[in-house]
$ cat work12.txt   # compact mmCIF, C-alpha atoms
# COMPACT_ATOMS: atom_id res chain seq x y z
CA MET A 172 -29.65 -64.38 -30.27
CA CYS A 173 -29.01 -67.55 -28.37
CA VAL A 174 -25.42 -66.50 -27.74
CA VAL A 175 -26.18 -63.01 -26.50
CA LEU A 176 -28.63 -63.90 -23.74
CA PRO A 177 -26.25 -66.02 -21.68
CA LEU A 178 -23.61 -63.26 -21.89
CA ALA A 179 -26.07 -60.70 -20.64
CA ALA A 180 -27.01 -62.96 -17.83
CA CYS A 181 -23.41 -63.43 -16.96
CA GLY A 182 -22.84 -59.66 -16.98
CA GLY A 183 -25.73 -59.09 -14.62
CA GLY A 184 -24.41 -61.72 -12.28
CA SER A 185 -20.99 -60.03 -12.22
CA LYS A 186 -22.54 -56.67 -11.24
CA GLU A 187 -24.48 -58.28 -8.43
CA GLU A 188 -21.37 -59.94 -7.11
CA GLY A 189 -19.53 -56.61 -7.22
CA GLY A 190 -22.30 -54.98 -5.21
CA GLN A 191 -22.12 -57.74 -2.63
CA ARG A 192 -18.32 -57.26 -2.42
CA ARG A 193 -18.61 -53.56 -1.74
CA GLY A 194 -21.22 -54.19 0.91
CA ALA A 195 -19.03 -56.80 2.49
CA GLN A 196 -16.20 -54.26 2.91
CA GLY A 197 -17.95 -52.80 5.98
CA PRO A 198 -17.69 -49.22 7.38
CA LEU A 199 -15.71 -46.63 5.47
CA SER A 200 -12.20 -46.01 6.83
CA VAL A 201 -11.57 -42.34 7.66
CA GLY A 202 -8.62 -40.45 9.10
CA PHE A 203 -9.12 -38.06 11.99
CA VAL A 204 -7.14 -35.58 14.07
CA VAL A 205 -7.73 -34.65 17.70
CA VAL A 206 -8.06 -30.88 17.95
CA LYS A 207 -6.78 -28.88 20.90
CA SER A 208 -6.75 -25.28 22.08
CA SER A 209 -3.96 -23.11 20.66
CA SER A 210 -2.73 -19.57 21.11
CA VAL A 211 -3.49 -17.72 17.88
CA PRO A 212 -3.13 -13.98 17.26
CA VAL A 213 -6.27 -11.98 16.56
CA VAL A 214 -5.36 -10.20 13.33
CA ALA A 215 -6.97 -6.86 12.51
CA ASP A 216 -7.10 -5.64 8.90
CA LEU A 217 -8.24 -2.03 8.99
CA PRO A 218 -8.18 1.05 6.74
CA GLY A 219 -5.87 3.92 7.61
CA ARG A 220 -4.52 7.24 6.39
CA THR A 221 -1.05 8.69 6.69
CA VAL A 222 -0.49 11.90 8.67
CA ALA A 223 2.68 13.97 8.97
CA PHE A 224 4.61 13.42 12.20
CA GLN A 225 4.97 17.21 12.55
CA SER A 226 3.33 19.95 10.51
CA SER A 227 4.00 23.68 10.85
CA GLN A 228 2.69 26.66 8.93
CA VAL A 229 5.29 29.35 8.32
CA ARG A 230 3.65 32.68 9.18
CA PRO A 231 5.03 36.21 9.44
CA GLN A 232 5.35 37.69 12.94
CA VAL A 233 5.68 41.24 11.58
CA SER A 234 4.24 43.08 8.60
CA GLY A 235 6.28 44.17 5.63
CA VAL A 236 7.40 43.46 2.08
CA ILE A 237 9.27 40.22 1.33
CA GLN A 238 12.74 41.05 0.03
CA ARG A 239 14.18 37.54 -0.50
CA ARG A 240 13.30 33.86 -0.34
CA PHE A 241 16.17 31.59 0.75
CA PHE A 242 14.87 28.05 0.12
CA LYS A 243 13.99 25.79 -2.80
CA GLU A 244 10.40 24.61 -2.87
CA GLY A 245 10.07 20.92 -1.96
CA SER A 246 13.49 20.75 -0.32
CA LEU A 247 14.45 19.64 3.17
CA VAL A 248 14.90 22.57 5.57
CA ARG A 249 16.39 22.56 9.05
CA GLN A 250 14.97 24.13 12.17
CA GLY A 251 16.19 27.73 12.49
CA GLN A 252 17.16 28.00 8.81
CA THR A 253 16.28 31.39 7.29
CA LEU A 254 13.38 31.11 4.83
CA TYR A 255 12.30 34.71 4.10
CA GLN A 256 13.67 38.19 4.61
CA ILE A 257 11.09 40.91 5.28
CA ASP A 258 12.18 44.53 4.79
CA PRO A 259 13.82 45.38 8.17
CA GLN A 260 14.29 49.17 7.79
CA LEU A 261 11.31 50.23 9.90
CA TYR A 262 12.16 47.73 12.63
CA ARG A 263 15.83 48.75 12.70
CA ALA A 264 14.75 52.37 13.12
CA ALA A 265 12.41 51.34 15.94
CA VAL A 266 15.35 49.65 17.67
CA ASN A 267 17.43 52.81 17.39
CA GLN A 268 14.62 54.90 18.81
CA ALA A 269 14.09 52.47 21.70
CA GLU A 270 17.81 52.52 22.50
CA ALA A 271 17.78 56.34 22.63
CA ASN A 272 14.73 56.34 24.92
CA PHE A 273 16.40 53.79 27.17
CA GLN A 274 19.55 55.88 27.47
CA SER A 275 17.50 59.02 28.24
CA ALA A 276 15.58 57.18 30.93
CA GLN A 277 18.80 55.92 32.47
CA ALA A 278 20.18 59.50 32.63
CA THR A 279 16.99 60.84 34.20
CA ALA A 280 16.94 58.03 36.74
CA SER A 281 20.57 58.65 37.67
CA ALA A 282 19.97 62.39 38.28
CA ALA A 283 16.82 61.72 40.31
CA SER A 284 18.59 59.13 42.45
CA VAL A 285 21.50 61.51 43.19
CA ARG A 286 19.13 64.35 44.17
CA ALA A 287 17.18 62.08 46.52
CA GLU A 288 20.40 60.90 48.17
CA ARG A 289 21.56 64.52 48.74
CA LEU A 290 18.28 65.59 50.29
CA LYS A 291 18.14 62.66 52.69
CA PRO A 292 20.73 63.94 55.26
CA LEU A 293 19.38 67.51 54.93
CA ALA A 294 15.89 66.29 55.72
CA GLU A 295 17.20 64.47 58.78
CA MET A 296 18.83 67.76 59.98
CA GLU A 297 15.60 69.59 59.05
CA ALA A 298 17.60 71.81 56.71
CA VAL A 299 14.93 71.06 54.13
CA SER A 300 11.40 69.97 54.60
CA LYS A 301 10.70 66.27 54.76
CA GLN A 302 8.16 66.73 51.94
CA ASP A 303 10.92 67.88 49.59
CA TYR A 304 12.85 64.69 50.31
CA THR A 305 9.71 62.55 49.87
CA ASP A 306 9.02 64.16 46.49
CA ALA A 307 12.63 63.68 45.37
CA ASN A 308 12.62 60.03 46.43
CA ALA A 309 9.33 59.40 44.56
CA THR A 310 10.79 61.05 41.46
CA ALA A 311 13.82 58.74 41.67
CA LEU A 312 11.57 55.67 41.89
CA GLN A 313 9.51 56.83 38.92
CA ALA A 314 12.67 57.37 36.90
CA LYS A 315 13.82 53.85 37.80
CA ALA A 316 10.48 52.42 36.62
CA SER A 317 10.82 54.41 33.40
CA VAL A 318 14.18 52.72 32.82
CA ALA A 319 12.56 49.30 33.14
CA GLN A 320 9.76 50.35 30.77
CA THR A 321 12.10 51.66 28.08
CA ARG A 322 14.25 48.53 28.46
CA ALA A 323 11.18 46.39 27.67
CA GLN A 324 10.37 48.58 24.67
CA LEU A 325 13.92 48.15 23.42
CA GLU A 326 13.65 44.36 23.79
CA THR A 327 10.35 44.38 21.87
CA ALA A 328 11.90 46.43 19.07
CA ARG A 329 14.82 44.01 18.86
CA ILE A 330 12.43 41.03 18.71
CA ASN A 331 10.47 42.64 15.88
CA LEU A 332 13.71 43.30 14.03
CA ARG A 333 14.65 39.64 14.49
CA PHE A 334 11.20 38.57 13.24
CA SER A 335 11.89 40.35 9.95
CA THR A 336 14.02 37.29 9.23
CA VAL A 337 11.58 34.33 9.04
CA PRO A 338 13.16 31.03 10.23
CA ALA A 339 11.98 27.42 9.82
CA PRO A 340 10.13 26.41 13.00
CA ILE A 341 10.80 22.67 12.52
CA THR A 342 12.96 20.36 10.41
CA GLY A 343 11.10 18.82 7.49
CA ARG A 344 10.05 18.98 3.87
CA ILE A 345 8.79 22.40 2.83
CA GLY A 346 6.06 22.82 0.25
CA ARG A 347 5.44 25.55 -2.28
CA SER A 348 5.75 29.19 -1.33
CA LEU A 349 2.45 31.04 -1.44
CA PHE A 350 4.16 34.47 -1.52
CA THR A 351 6.97 35.74 -3.71
CA GLU A 352 9.51 38.53 -3.40
CA GLY A 353 7.79 41.93 -3.36
CA ALA A 354 4.60 40.62 -1.77
CA LEU A 355 3.22 42.46 1.24
CA VAL A 356 2.62 40.19 4.20
CA THR A 357 0.85 41.03 7.47
CA VAL A 358 0.73 39.51 10.92
CA ASN A 359 -2.92 38.41 10.82
CA GLN A 360 -3.15 37.25 7.20
CA ALA A 361 -5.21 34.13 6.41
CA ASP A 362 -2.68 32.25 4.29
CA PRO A 363 0.67 30.99 5.56
CA LEU A 364 3.88 31.74 3.69
CA ALA A 365 4.56 27.99 3.32
CA THR A 366 4.02 24.68 5.15
CA ILE A 367 6.72 22.37 6.54
CA GLN A 368 6.01 18.70 7.26
CA ARG A 369 8.20 16.16 9.00
CA LEU A 370 7.73 12.80 7.24
CA ASP A 371 10.26 10.56 8.99
CA PRO A 372 8.82 9.04 11.08
CA ILE A 373 5.20 9.31 9.95
CA PHE A 374 1.84 8.65 11.60
CA VAL A 375 -0.84 6.30 10.30
CA ASP A 376 -4.33 6.91 11.72
CA ILE A 377 -6.24 3.59 11.69
CA GLN A 378 -10.03 3.47 11.94
CA GLN A 379 -11.67 0.65 13.91
CA SER A 380 -15.34 0.13 14.64
CA SER A 381 -16.19 1.00 18.22
CA ALA A 382 -18.32 -2.18 18.40
CA ASP A 383 -15.34 -4.36 17.41
CA LEU A 384 -13.10 -2.59 19.89
CA LEU A 385 -15.70 -3.06 22.64
CA ALA A 386 -15.99 -6.79 21.86
CA LEU A 387 -12.21 -7.12 21.91
CA ARG A 388 -11.89 -5.43 25.31
CA ARG A 389 -14.72 -7.57 26.69
CA SER A 390 -12.98 -10.75 25.51
CA ILE A 391 -9.73 -9.63 27.13
CA SER A 392 -11.48 -8.88 30.42
CA GLN A 393 -13.19 -12.33 30.38
CA GLY A 394 -9.89 -14.12 29.89
CA GLY A 395 -10.40 -15.51 26.40
CA LEU A 396 -7.89 -13.09 24.92
CA SER A 397 -4.68 -11.56 26.17
CA ALA A 398 -3.33 -8.16 25.15
CA THR A 399 -0.20 -7.91 23.04
CA GLN A 400 2.21 -5.23 21.84
CA ALA A 401 1.13 -4.73 18.25
CA ARG A 402 3.57 -4.59 15.34
CA VAL A 403 1.77 -3.15 12.34
CA LYS A 404 2.27 -4.01 8.68
CA LEU A 405 1.10 -1.73 5.87
CA LEU A 406 -0.39 -2.45 2.46
CA LEU A 407 -0.09 0.48 0.07
CA GLU A 408 -2.76 1.72 -2.32
CA ASP A 409 -1.52 -0.57 -5.11
CA GLY A 410 -1.70 -3.63 -2.83
CA SER A 411 2.07 -3.93 -2.32
CA ASN A 412 3.66 -4.46 1.09
CA TYR A 413 5.32 -1.34 2.49
CA GLY A 414 8.11 -3.23 4.23
CA PRO A 415 9.09 -1.55 7.52
CA THR A 416 6.76 -2.29 10.42
CA GLY A 417 5.31 0.22 12.86
CA THR A 418 3.94 0.27 16.39
CA ILE A 419 0.59 1.31 17.83
CA GLU A 420 1.13 4.42 19.96
CA PHE A 421 -2.31 5.04 21.46
CA SER A 422 -6.07 4.82 20.96
CA GLU A 423 -8.41 7.80 20.97
CA VAL A 424 -10.70 8.11 23.98
CA THR A 425 -13.68 9.34 21.93
CA VAL A 426 -15.78 7.80 19.17
CA ASP A 427 -16.35 9.76 15.96
CA PRO A 428 -20.15 10.30 15.98
CA SER A 429 -20.35 10.51 12.18
CA THR A 430 -18.59 7.18 11.49
CA GLY A 431 -18.84 5.25 14.76
CA THR A 432 -15.12 4.51 14.70
CA VAL A 433 -12.20 4.95 17.05
CA THR A 434 -8.83 6.17 15.78
CA LEU A 435 -5.71 4.14 16.54
CA ARG A 436 -2.44 5.93 15.80
CA ALA A 437 0.65 4.02 14.66
CA THR A 438 4.17 5.29 13.95
CA PHE A 439 6.23 4.08 10.97
CA PRO A 440 9.78 4.83 9.85
CA ASN A 441 9.82 6.56 6.48
CA PRO A 442 13.48 7.14 5.56
CA ASP A 443 12.90 7.03 1.78
CA GLY A 444 9.79 9.23 1.81
CA VAL A 445 7.57 6.52 0.28
CA LEU A 446 4.68 7.42 2.57
CA LEU A 447 3.21 10.87 1.92
CA PRO A 448 0.59 12.63 4.06
CA GLY A 449 -2.96 11.82 2.99
CA MET A 450 -2.28 8.38 1.47
CA PHE A 451 -4.87 5.65 2.07
CA VAL A 452 -3.39 2.37 3.33
CA ARG A 453 -4.47 -0.86 5.01
CA ALA A 454 -2.97 -1.81 8.35
CA GLN A 455 -2.59 -5.40 9.52
CA PHE A 456 -1.57 -6.18 13.09
CA ASP A 457 -2.04 -8.68 15.90
CA GLN A 458 -4.45 -6.92 18.20
CA ALA A 459 -4.54 -9.67 20.85
CA ILE A 460 -3.77 -13.35 21.45
CA ASN A 461 -6.68 -15.84 21.45
CA THR A 462 -5.64 -18.53 23.93
CA ARG A 463 -8.70 -20.72 23.25
CA ALA A 464 -8.64 -20.95 19.47
CA ILE A 465 -9.07 -24.28 17.68
CA LEU A 466 -7.05 -24.95 14.52
CA VAL A 467 -8.65 -27.27 11.97
CA PRO A 468 -7.01 -28.38 8.69
CA GLN A 469 -8.69 -26.66 5.76
CA GLU A 470 -9.41 -29.93 3.92
CA ALA A 471 -11.71 -31.00 6.77
CA VAL A 472 -14.10 -28.04 6.34
CA THR A 473 -16.98 -28.03 3.85
CA ARG A 474 -19.47 -25.31 3.00
CA GLN A 475 -23.21 -25.87 3.04
CA ALA A 476 -25.62 -24.37 0.52
CA THR A 477 -26.47 -21.73 3.12
CA GLY A 478 -22.81 -20.75 3.39
CA GLU A 479 -22.30 -22.31 6.82
CA ALA A 480 -19.02 -24.07 7.46
CA SER A 481 -19.12 -27.59 8.90
CA VAL A 482 -16.93 -30.58 9.70
CA PHE A 483 -17.50 -34.28 10.35
CA LEU A 484 -16.62 -35.64 13.77
CA VAL A 485 -16.14 -39.18 15.02
CA GLY A 486 -19.32 -39.58 17.04
CA PRO A 487 -20.54 -42.16 19.55
CA GLY A 488 -20.59 -45.70 18.17
CA ASN A 489 -18.11 -44.73 15.43
CA LYS A 490 -20.67 -42.84 13.41
CA ALA A 491 -20.06 -39.64 11.43
CA VAL A 492 -21.54 -36.51 13.03
CA ARG A 493 -21.82 -33.22 11.15
CA ARG A 494 -20.99 -30.13 13.21
CA VAL A 495 -21.54 -26.47 12.16
CA ILE A 496 -18.57 -24.26 13.12
CA THR A 497 -17.66 -20.57 13.11
CA ILE A 498 -14.49 -19.66 11.21
CA GLN A 499 -12.62 -16.47 11.95
CA ARG A 500 -9.82 -16.57 9.38
CA ALA A 501 -7.12 -18.73 7.80
CA ASP A 502 -3.85 -19.41 9.58
CA GLY A 503 -1.49 -21.12 7.15
CA ALA A 504 -3.01 -24.49 6.14
CA ASN A 505 -5.60 -24.32 8.95
CA TRP A 506 -8.82 -22.51 9.73
CA VAL A 507 -9.12 -20.68 13.05
CA VAL A 508 -12.38 -21.93 14.61
CA THR A 509 -13.90 -19.79 17.35
CA ASP A 510 -17.16 -21.70 17.94
CA GLY A 511 -18.57 -25.20 17.38
CA LEU A 512 -15.60 -27.29 18.51
CA LYS A 513 -13.85 -28.02 21.79
CA ALA A 514 -10.51 -29.50 22.69
CA GLY A 515 -10.51 -33.30 22.32
CA ASP A 516 -12.98 -33.50 19.43
CA LYS A 517 -11.98 -35.95 16.68
CA VAL A 518 -12.30 -34.12 13.37
CA ILE A 519 -12.33 -36.24 10.22
CA VAL A 520 -9.82 -34.94 7.69
CA GLN A 521 -9.45 -37.93 5.31
CA GLY A 522 -12.19 -39.77 3.48
CA THR A 523 -14.79 -37.04 3.80
CA GLY A 524 -15.86 -37.19 0.16
CA GLN A 525 -18.30 -40.10 0.67
CA LEU A 526 -19.37 -39.33 4.24
CA ARG A 527 -22.98 -38.86 5.21
CA PRO A 528 -24.37 -37.93 8.65
CA ASP A 529 -24.78 -40.96 10.97
CA ALA A 530 -22.93 -43.23 8.51
CA PRO A 531 -20.88 -45.99 10.20
CA ILE A 532 -17.16 -45.35 9.95
CA LYS A 533 -13.88 -46.96 10.86
CA PRO A 534 -11.80 -44.10 12.35
CA VAL A 535 -8.02 -44.24 12.36
CA PRO A 536 -5.52 -41.47 13.09
CA ALA A 537 -4.84 -39.38 10.01
CA ASP A 538 -2.04 -40.53 7.70
CA THR A 539 -1.95 -44.00 9.28
CA PRO A 540 -0.29 -46.42 6.75
CA GLN A 541 -2.71 -49.00 5.29
CA ARG A 542 -1.53 -52.63 5.35
CA ALA A 543 -2.74 -55.20 2.85
CA GLU A 544 -3.46 -58.49 4.68
CA PRO A 545 -3.35 -61.85 2.85
CA PRO A 546 -6.70 -63.63 2.46
CA LYS A 547 -7.60 -66.04 5.23
CA ARG A 548 -7.57 -69.79 4.65
CA GLY A 549 -10.55 -70.86 2.62
CA GLN A 550 -11.04 -67.38 1.08
CA ARG A 551 -10.22 -66.61 -2.51
CA GLY A 552 -8.51 -63.48 -3.49
CA PRO A 553 -9.83 -61.25 -6.25
CA GLY A 554 -9.65 -62.90 -9.64
CA ALA A 555 -9.12 -66.44 -8.24
CA THR A 556 -10.25 -69.35 -10.40
CA PRO A 557 -13.29 -71.18 -8.98
CA ASP A 558 -12.52 -74.65 -7.57
CA LYS A 559 -14.03 -77.19 -9.99
CA ARG A 560 -13.35 -80.26 -7.83
CA GLY A 561 -16.81 -80.17 -6.45
$ encode --input "work12.txt" --output "structure tokens"
Amino acid sequence: MCVVLPLAACGGGSKEEGGQRRGAQGPLSVGFVVVKSSSVPVVADLPGRTVAFQSSQVRPQVSGVIQRRFFKEGSLVRQGQTLYQIDPQLYRAAVNQAEANFQSAQATASAASVRAERLKPLAEMEAVSKQDYTDANATALQAKASVAQTRAQLETARINLRFSTVPAPITGRIGRSLFTEGALVTVNQADPLATIQRLDPIFVDIQQSSADLLALRRSISQGGLSATQARVKLLLEDGSNYGPTGTIEFSEVTVDPSTGTVTLRATFPNPDGVLLPGMFVRAQFDQAINTRAILVPQEAVTRQATGEASVFLVGPGNKAVRRVITIQRADGANWVVTDGLKAGDKVIVQGTGQLRPDAPIKPVPADTPQRAEPPKRGQRGPGATPDKRG
């Protein structure tokens, strides 16, 4: 027992000396960076849906029975390529009839014109009455009009005959055929024969909140942001990156009353047909450039229990000051701060683990090398043996 007590006393004395040593170290050394305004893109991450660049329903222009189908479902068809053949017999007969009527009208007009020309000099000599000449001239004009009428009927019959062959209105990928050979089709039927869609390039309709778009335009008008030509990246439904980038073509001028969103339309190349109409995607693009953004290293930012983000600044008198900030997003190893900081603030990025508000600090630029100085004359270094001469 007599041996233990002095040891305990010695141990307590050592702890007290250690506490005095830590207190004698002075303010905590911290590393800081001076923040400044930077130009940072305002990135939008919005939902979108793919839409065919061109879409055309193949519909019959004349009624009749389908005799043949000339395409393979799902294949690529070219504009003007024949897709269906409708029975042309009735329309060929109508062309023949119109040609005969046209020839008859031409013959009648020729005879009426000759008769009017013969009566003209006789009427001038009063060999015939002027009324006879007037009637003959009117008959010639009527016959000429009849020629024009039958010519138009002949052209209509030829068009109908041509419509019995159904061509592809656009170049694109054709879907399934809704009618087979032997089916009767009519001009005003509800269902199309097939649908053709052009998929390269392809549209992506992006939905953005009208409130966000209004705030963006207000920021641009106030000078905090500057407009930019957006290049759009796509994330597919499985989260993978599509690869080729697209461009924003235009923004709708109306707001959808049911969703409160505005549609932005982008165009993407789609040479391999990866994007199909109706797919849901996410579009990422730089919608503007923020010329007043502050970049802060991520290690300097801490989260409060309320979820607020904050940093420590070098305050007046070299004391730590906590500042609540607003973070927009991450940009590499930094946070993009839109509120709470200004250019020239000294943000502490090293030694923040033991900081408390209003604690005295010794600020040095971040990553400054620390130099170990030898003890001054008359001071003992750590672990030195006490001088027993006294």
$ residues_around --input "work12.txt" --residues "range 334-346 of chain A" --least-positions-apart "4" --cutoff "7 Å" --atoms "all atoms listed in the file" --output "PyMOL selection string"
chain A and resi 231-233+244-259+330+365-370
$ atom_distance --input "work12.txt" --atom1 "CA of Val520 in chain A" --atom2 "CA of Ala537 in chain A"
7.1 Å
$ residues_around --input "work12.txt" --residues "Val518 in chain A" --least-positions-apart "2" --cutoff "8 Å" --atoms "all atoms listed in the file" --output "PyMOL selection string"
chain A and resi 203-206+467+471+482-485+516+520
$ atom_distance --input "work12.txt" --atom1 "CA of Gly197 in chain A" --atom2 "CA of Asn489 in chain A"
12.4 Å
$ residues_around --input "work12.txt" --residues "range 443-448 of chain A" --least-positions-apart "3" --cutoff "7 Å" --atoms "only C-alpha atoms" --output "list of chain:residue names"
A:Thr221, A:Val222, A:Ala223, A:Leu370
$ atom_distance --input "work12.txt" --atom1 "CA of Ile419 in chain A" --atom2 "CA of Leu387 in chain A"
15.9 Å
$ closest_residue --input "work12.txt" --among "A:Ile373, A:Val472, A:Leu466, A:Ala437" --to "Phe224 in chain A" --atoms "only C-alpha atoms"
A:Ile373
$ residues_around --input "work12.txt" --residues "range 208-210 of chain A" --least-positions-apart "5" --cutoff "9 Å" --atoms "all atoms listed in the file" --output "PyMOL selection string"
chain A and resi 460-466+513-515
$ axis_aligned_box --input "work12.txt" --around "range 350-358 of chain A" --padding-each-side "5 Å" --output "AutoDock Vina command-line options"
--center_x 5.1 --center_y 38.5 --center_z 3.6 --size_x 18.8 --size_y 18.0 --size_z 24.6
$ build_atoms --input "work12.txt" --residues "range 217-232 of chain A" --atoms "N, CA and C atoms" --output "short mmCIF file (atom, residue, chain, number, x, y, z; two decimals), in the frame of the given file"
data_model
loop_
_atom_site.label_atom_id
_atom_site.label_comp_id
_atom_site.auth_asym_id
_atom_site.auth_seq_id
_atom_site.Cartn_x
_atom_site.Cartn_y
_atom_site.Cartn_z
N LEU A 217 -7.43 -3.24 8.90
CA LEU A 217 -8.24 -2.03 8.99
C LEU A 217 -7.73 -0.96 8.04
N PRO A 218 -8.62 -0.07 7.59
CA PRO A 218 -8.18 1.05 6.74
C PRO A 218 -7.49 2.12 7.56
N GLY A 219 -6.59 2.84 6.93
CA GLY A 219 -5.87 3.92 7.61
C GLY A 219 -5.47 5.01 6.64
N ARG A 220 -4.96 6.10 7.20
CA ARG A 220 -4.52 7.24 6.39
C ARG A 220 -3.27 7.83 7.03
N THR A 221 -2.32 8.17 6.19
CA THR A 221 -1.05 8.69 6.69
C THR A 221 -1.19 10.16 7.08
N VAL A 222 -0.48 10.53 8.15
CA VAL A 222 -0.49 11.90 8.67
C VAL A 222 0.95 12.27 9.00
N ALA A 223 1.33 13.51 8.68
CA ALA A 223 2.68 13.97 8.97
C ALA A 223 2.98 13.91 10.46
N PHE A 224 4.20 13.51 10.80
CA PHE A 224 4.61 13.42 12.20
C PHE A 224 4.60 14.80 12.84
N GLN A 225 5.06 15.81 12.12
CA GLN A 225 4.97 17.21 12.55
C GLN A 225 4.56 18.05 11.34
N SER A 226 3.76 19.04 11.58
CA SER A 226 3.33 19.95 10.51
C SER A 226 3.29 21.37 11.07
N SER A 227 3.93 22.30 10.36
CA SER A 227 4.00 23.68 10.85
C SER A 227 3.79 24.65 9.69
N GLN A 228 2.92 25.60 9.91
CA GLN A 228 2.69 26.66 8.93
C GLN A 228 3.66 27.81 9.22
N VAL A 229 4.36 28.23 8.19
CA VAL A 229 5.29 29.35 8.32
C VAL A 229 4.49 30.64 8.15
N ARG A 230 4.43 31.44 9.21
CA ARG A 230 3.65 32.68 9.18
C ARG A 230 4.52 33.85 9.60
N PRO A 231 4.24 35.03 9.05
CA PRO A 231 5.03 36.21 9.44
C PRO A 231 4.62 36.71 10.82
N GLN A 232 5.61 37.11 11.62
CA GLN A 232 5.35 37.69 12.94
C GLN A 232 5.31 39.21 12.90
#
